[in-house]
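Student: One file: entry_39.cif (mmCIF, C-alpha atoms).
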```cif
data_entry
#
loop_
_atom_site.label_atom_id
_atom_site.label_comp_id
_atom_site.auth_asym_id
_atom_site.auth_seq_id
_atom_site.Cartn_x
_atom_site.Cartn_y
_atom_site.Cartn_z
CA MET A 1 -47.57 -162.24 -78.07
CA ALA A 2 -44.30 -160.69 -76.93
CA GLN A 3 -42.95 -161.85 -73.60
CA ALA A 4 -40.58 -160.66 -70.90
CA LEU A 5 -39.15 -162.09 -67.71
CA ILE A 6 -39.37 -159.66 -64.80
CA VAL A 7 -36.84 -160.25 -62.00
CA ILE A 8 -38.19 -158.37 -58.98
CA ASP A 9 -36.01 -157.10 -56.12
CA ILE A 10 -33.47 -159.91 -55.94
CA GLN A 11 -30.86 -157.61 -54.47
CA GLU A 12 -27.69 -158.14 -52.43
CA GLY A 13 -29.18 -156.77 -49.20
CA LEU A 14 -32.29 -158.96 -49.33
CA VAL A 15 -30.44 -162.15 -50.24
CA LYS A 16 -28.04 -161.51 -47.32
CA GLU A 17 -31.10 -161.59 -45.03
CA ASN A 18 -31.58 -165.28 -45.98
CA PRO A 19 -35.01 -165.52 -47.62
CA TYR A 20 -37.09 -168.68 -47.39
CA ASN A 21 -35.57 -171.65 -49.20
CA ALA A 22 -32.79 -169.33 -50.43
CA LYS A 23 -30.60 -171.93 -52.14
CA ASN A 24 -33.42 -173.38 -54.27
CA PHE A 25 -34.95 -169.95 -54.87
CA ILE A 26 -31.68 -168.57 -56.29
CA SER A 27 -30.91 -171.78 -58.22
CA ASN A 28 -34.36 -171.80 -59.83
CA THR A 29 -34.17 -168.10 -60.62
CA LYS A 30 -30.80 -168.56 -62.32
CA ALA A 31 -32.22 -171.42 -64.42
CA ILE A 32 -35.24 -169.34 -65.46
CA ILE A 33 -33.11 -166.32 -66.37
CA GLN A 34 -30.79 -168.49 -68.47
CA HIS A 35 -33.76 -170.18 -70.11
CA PHE A 36 -35.26 -166.84 -71.15
CA ARG A 37 -31.89 -165.64 -72.41
CA ASP A 38 -31.49 -168.84 -74.43
CA GLN A 39 -34.92 -168.20 -75.98
CA ASN A 40 -33.95 -164.58 -76.80
CA ILE A 41 -36.81 -163.37 -74.61
CA GLU A 42 -36.21 -160.10 -72.83
CA VAL A 43 -35.05 -160.22 -69.20
CA ILE A 44 -35.80 -157.10 -67.15
CA PHE A 45 -34.50 -156.46 -63.64
CA ILE A 46 -36.27 -154.37 -61.01
CA ARG A 47 -34.48 -152.88 -57.99
CA HIS A 48 -36.28 -151.55 -54.96
CA SER A 49 -34.80 -148.20 -53.97
CA GLU A 50 -34.83 -146.36 -50.66
CA ASP A 51 -33.45 -142.98 -49.66
CA GLU A 52 -31.77 -144.67 -46.70
CA GLY A 53 -31.87 -148.08 -45.05
CA LEU A 54 -31.10 -151.60 -46.25
CA LEU A 55 -31.69 -150.86 -49.95
CA ALA A 56 -30.35 -147.31 -50.07
CA THR A 57 -29.96 -146.30 -53.70
CA GLY A 58 -26.40 -146.76 -54.90
CA SER A 59 -25.30 -148.92 -51.96
CA ASP A 60 -23.81 -152.40 -52.34
CA ASN A 61 -27.01 -153.86 -50.82
CA TRP A 62 -29.10 -152.14 -53.52
CA GLN A 63 -27.35 -153.89 -56.41
CA VAL A 64 -28.89 -156.84 -58.26
CA TYR A 65 -27.69 -160.04 -56.57
CA HIS A 66 -24.29 -160.89 -58.03
CA GLU A 67 -25.22 -164.43 -59.12
CA LEU A 68 -27.95 -162.97 -61.36
CA LYS A 69 -25.84 -160.25 -62.92
CA PRO A 70 -27.73 -158.50 -65.72
CA GLN A 71 -26.16 -158.56 -69.14
CA LYS A 72 -25.30 -155.27 -70.86
CA ASN A 73 -28.37 -155.39 -73.10
CA GLU A 74 -30.79 -156.08 -70.22
CA LYS A 75 -32.82 -153.26 -68.73
CA ILE A 76 -32.84 -152.37 -65.04
CA PHE A 77 -35.69 -150.29 -63.64
CA ASN A 78 -35.66 -148.73 -60.17
CA LYS A 79 -38.77 -148.37 -58.05
CA TYR A 80 -39.69 -146.77 -54.72
CA TYR A 81 -43.05 -148.50 -54.27
CA ASN A 82 -44.36 -152.04 -53.93
CA SER A 83 -45.61 -151.92 -57.53
CA ILE A 84 -43.04 -152.42 -60.26
CA PHE A 85 -45.19 -150.13 -62.42
CA LYS A 86 -45.59 -147.03 -60.23
CA ASP A 87 -43.28 -144.20 -61.35
CA SER A 88 -40.78 -146.65 -62.86
CA GLU A 89 -41.37 -146.19 -66.62
CA LEU A 90 -41.67 -149.98 -66.90
CA LYS A 91 -45.20 -149.95 -68.32
CA GLU A 92 -44.26 -147.44 -70.99
CA TYR A 93 -41.27 -149.57 -71.94
CA LEU A 94 -43.33 -152.77 -72.11
CA ASP A 95 -45.96 -151.01 -74.21
CA SER A 96 -43.31 -149.65 -76.59
CA LYS A 97 -42.15 -153.24 -77.17
CA SER A 98 -45.74 -154.59 -77.42
CA ILE A 99 -45.02 -156.97 -74.53
CA THR A 100 -48.22 -158.60 -73.30
CA ASP A 101 -47.00 -161.64 -71.36
CA LEU A 102 -44.96 -161.26 -68.18
CA THR A 103 -43.26 -163.96 -66.15
CA PHE A 104 -42.36 -162.99 -62.58
CA VAL A 105 -39.59 -164.25 -60.32
CA GLY A 106 -38.36 -162.45 -57.22
CA MET A 107 -39.11 -161.08 -53.78
CA GLN A 108 -41.10 -160.36 -51.56
CA VAL A 109 -44.26 -162.37 -52.07
CA GLU A 110 -46.60 -160.38 -49.83
CA PHE A 111 -45.33 -156.97 -50.89
CA CYS A 112 -43.80 -156.30 -54.30
CA ILE A 113 -44.76 -159.56 -56.00
CA ASP A 114 -48.40 -159.42 -54.87
CA THR A 115 -48.86 -155.73 -55.68
CA SER A 116 -47.17 -156.10 -59.07
CA VAL A 117 -49.25 -159.16 -59.98
CA LYS A 118 -52.48 -157.32 -59.24
CA VAL A 119 -51.49 -154.07 -60.95
CA GLY A 120 -50.19 -156.01 -63.96
CA PHE A 121 -53.47 -157.92 -64.10
CA GLU A 122 -55.39 -154.63 -64.03
CA TYR A 123 -53.24 -153.37 -66.93
CA GLY A 124 -54.22 -156.46 -68.91
CA TYR A 125 -50.91 -158.36 -68.89
CA ASN A 126 -50.96 -162.15 -68.97
CA ILE A 127 -48.93 -163.06 -65.90
CA THR A 128 -47.11 -166.24 -65.04
CA ILE A 129 -45.41 -166.64 -61.67
CA VAL A 130 -42.61 -169.16 -61.34
CA GLU A 131 -43.78 -170.46 -58.00
CA ASP A 132 -40.47 -171.93 -56.88
CA ALA A 133 -38.52 -168.84 -57.98
CA ILE A 134 -40.23 -166.42 -55.59
CA SER A 135 -39.50 -165.97 -51.90
CA THR A 136 -40.08 -163.98 -48.75
CA PHE A 137 -39.17 -164.00 -45.05
CA ASP A 138 -40.80 -165.19 -41.85
CA ASN A 139 -42.67 -162.35 -40.18
CA GLU A 140 -44.04 -161.80 -36.69
CA TYR A 141 -47.32 -163.52 -37.61
CA LEU A 142 -46.52 -166.27 -40.12
CA PRO A 143 -43.63 -168.40 -41.35
CA ALA A 144 -42.48 -167.69 -44.92
CA GLY A 145 -43.67 -171.09 -46.20
CA THR A 146 -47.21 -170.34 -45.04
CA ILE A 147 -47.13 -166.90 -46.65
CA LEU A 148 -45.97 -168.41 -49.95
CA SER A 149 -48.64 -171.13 -49.90
CA PHE A 150 -51.39 -168.67 -49.04
CA TYR A 151 -50.60 -166.27 -51.89
CA LYS A 152 -50.05 -169.03 -54.43
CA GLU A 153 -53.17 -171.02 -53.61
CA LYS A 154 -55.65 -168.52 -52.19
CA ILE A 155 -54.79 -165.26 -53.95
CA TRP A 156 -53.10 -165.70 -57.34
CA ARG A 157 -53.83 -169.12 -58.84
CA ASN A 158 -56.69 -169.01 -61.35
CA ARG A 159 -57.44 -165.42 -60.41
CA PHE A 160 -54.60 -163.06 -61.28
CA ALA A 161 -51.92 -165.34 -62.73
CA GLN A 162 -50.85 -168.76 -63.87
CA LEU A 163 -48.40 -170.51 -61.59
CA LYS A 164 -45.76 -172.84 -62.95
CA THR A 165 -42.72 -174.51 -61.44
CA THR A 166 -39.24 -174.03 -62.85
CA ASN A 167 -39.37 -177.54 -64.33
CA GLU A 168 -42.72 -176.83 -65.98
CA MET A 169 -41.36 -173.61 -67.50
CA LEU A 170 -38.28 -175.37 -68.85
CA SER A 171 -40.33 -178.30 -70.20
CA ILE A 172 -42.94 -176.14 -71.95
CA ASN A 173 -40.35 -174.49 -74.15
CA LYS A 174 -38.57 -177.79 -74.90
CA ILE A 175 -41.86 -179.22 -76.15
CA THR A 176 -42.55 -176.07 -78.18
CA LYS A 177 -39.11 -176.31 -79.82
CA ILE A 178 -39.74 -179.96 -80.77
CA ILE A 179 -43.14 -179.09 -82.26
CA GLN A 180 -41.69 -176.16 -84.21
CA ARG A 181 -39.10 -178.46 -85.81
CA PHE A 182 -41.94 -180.48 -87.34
CA LEU A 183 -43.92 -177.50 -88.63
#
```
So, in terms of structure tokens, how does the structure I just supplied come out?
Tutor:
Amino acid sequence: MAQALIVIDIQEGLVKENPYNAKNFISNTKAIIQHFRDQNIEVIFIRHSEDEGLLATGSDNWQVYHELKPQKNEKIFNKYYNSIFKDSELKEYLDSKSITDLTFVGMQVEFCIDTSVKVGFEYGYNITIVEDAISTFDNEYLPAGTILSFYKEKIWRNRFAQLKTTNEMLSINKITKIIQRFL
């Protein structure tokens, strides 16, 4: 059971747009990334790319958010679609490493996170979403908090993914470490 943390589209341009609950979202994401690094579990970054616009490839806005800076050994995949898998070579990479369990953090809930969860589910990955390390924006129809609640409770939970809070993720591995010391 090989695992990876997938950090989806947390890029300078999107964070500048002030996503929902931005301070906690970034703080929780940083804690999760560090936790996975401490466990020597692979951390993979995904960048959404556009030919022009807010996330134009190569622009400052396109870069991974500076507070989450990838380490030299961490992979970065670029994508042009809502799915992290479409034309990105991510699936081939995961398969080459026999990675079966994916944990998702990132943006935007109703676009790239949702599509990636469902495609990953179809590919047979075991998916965990860190529910307080994902975010989105208000739109013309719904506030961001409502969008988040809807996807977590009505779409993903017990269907396509497990949902865990940052504290639950950090506690699970602490308990596992304690148990392993006694084995």
Student: Env of region 106-110 of chain A: 8 Å cut, atoms = all atoms listed in the file, seq-sep filter 5 positions within chain, self excluded. Answer as JSON, numbers by chain.
Tutor: {"A": [7, 8, 9, 10, 29, 115, 133, 134, 135, 136, 137, 147, 148, 151]}
Student: Separation of CA of Glu74 (chain A) and CA of Phe45 (chain A), in Å?
Tutor: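 Atom-to-atom, CA of Glu74 (chain A) to CA of Phe45 (chain A), that is 7.6 Å.
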Student: Once the PyMOL selection byres ((chain A and resi 94) around 12) is applied to the coordinates I shared, what remains selected? I want it as an mmCIF file with C-alpha atoms, in the coordinates of the input.
Tutor:
```
data_model
loop_
_atom_site.group_PDB
_atom_site.id
_atom_site.type_symbol
_atom_site.label_atom_id
_atom_site.label_comp_id
_atom_site.auth_asym_id
_atom_site.auth_seq_id
_atom_site.Cartn_x
_atom_site.Cartn_y
_atom_site.Cartn_z
ATOM 1 C CA MET A 1 -47.570 -162.240 -78.070
ATOM 2 C CA ALA A 2 -44.300 -160.690 -76.930
ATOM 3 C CA GLN A 3 -42.950 -161.850 -73.600
ATOM 4 C CA ALA A 4 -40.580 -160.660 -70.900
ATOM 5 C CA LEU A 5 -39.150 -162.090 -67.710
ATOM 6 C CA ILE A 6 -39.370 -159.660 -64.800
ATOM 7 C CA GLU A 42 -36.210 -160.100 -72.830
ATOM 8 C CA VAL A 43 -35.050 -160.220 -69.200
ATOM 9 C CA ILE A 44 -35.800 -157.100 -67.150
ATOM 10 C CA LYS A 75 -32.820 -153.260 -68.730
ATOM 11 C CA PHE A 77 -35.690 -150.290 -63.640
ATOM 12 C CA ILE A 84 -43.040 -152.420 -60.260
ATOM 13 C CA PHE A 85 -45.190 -150.130 -62.420
ATOM 14 C CA SER A 88 -40.780 -146.650 -62.860
ATOM 15 C CA GLU A 89 -41.370 -146.190 -66.620
ATOM 16 C CA LEU A 90 -41.670 -149.980 -66.900
ATOM 17 C CA LYS A 91 -45.200 -149.950 -68.320
ATOM 18 C CA GLU A 92 -44.260 -147.440 -70.990
ATOM 19 C CA TYR A 93 -41.270 -149.570 -71.940
ATOM 20 C CA ASP A 95 -45.960 -151.010 -74.210
ATOM 21 C CA SER A 96 -43.310 -149.650 -76.590
ATOM 22 C CA LYS A 97 -42.150 -153.240 -77.170
ATOM 23 C CA SER A 98 -45.740 -154.590 -77.420
ATOM 24 C CA ILE A 99 -45.020 -156.970 -74.530
ATOM 25 C CA THR A 100 -48.220 -158.600 -73.300
ATOM 26 C CA ASP A 101 -47.000 -161.640 -71.360
ATOM 27 C CA LEU A 102 -44.960 -161.260 -68.180
ATOM 28 C CA GLY A 120 -50.190 -156.010 -63.960
ATOM 29 C CA TYR A 123 -53.240 -153.370 -66.930
ATOM 30 C CA GLY A 124 -54.220 -156.460 -68.910
ATOM 31 C CA TYR A 125 -50.910 -158.360 -68.890
#
```
Student: Take the PyMOL selection byres ((chain A and resi 128) around 6), run it mentally on this structure, and tell me the resulting residues as a PyMOL selection string.
Tutor: chain A and resi 103+127+129+161-163
Student: Using the chain letters and numbers from the file, give me the residues hit by the PyMOL selection byres ((chain A and resi 12) around 12), as a PyMOL selection string.
Tutor: chain A and resi 9-11+13-19+26+47-48+54-56+58-69+107
Student: So what do you get for CA of Glu168 (chain A) versus CA of Thr146 (chain A), distance-wise?
Tutor: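 Taking CA of Glu168 (chain A) and CA of Thr146 (chain A), their separation equals 22.4 Å.
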Student: So what do you get for CA of Asn73 (chain A) versus CA of Ser171 (chain A), distance-wise?
Tutor: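 Interatomic distance here is 26.0 Å.
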Student: In terms of the shortest atom-to-atom distance over only C-alpha atoms, which of A:Ser49, A:Thr166, A:Asn78, A:Asn126 is closest to Phe36 (chain A)?
Tutor: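 Closest to Phe36 (chain A), using only C-alpha atoms: A:Thr166.
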Student: Go ahead and fit an axis-aligned box to every listed atom of region 85-88 of chain A plus 6 Å each side, and pass me the centre and edge lengths in Å, one decimal, as AutoDock Vina command-line options.
Tutor:
```
--center_x -43.2 --center_y -147.2 --center_z -61.5 --size_x 16.8 --size_y 17.9 --size_z 14.6
```
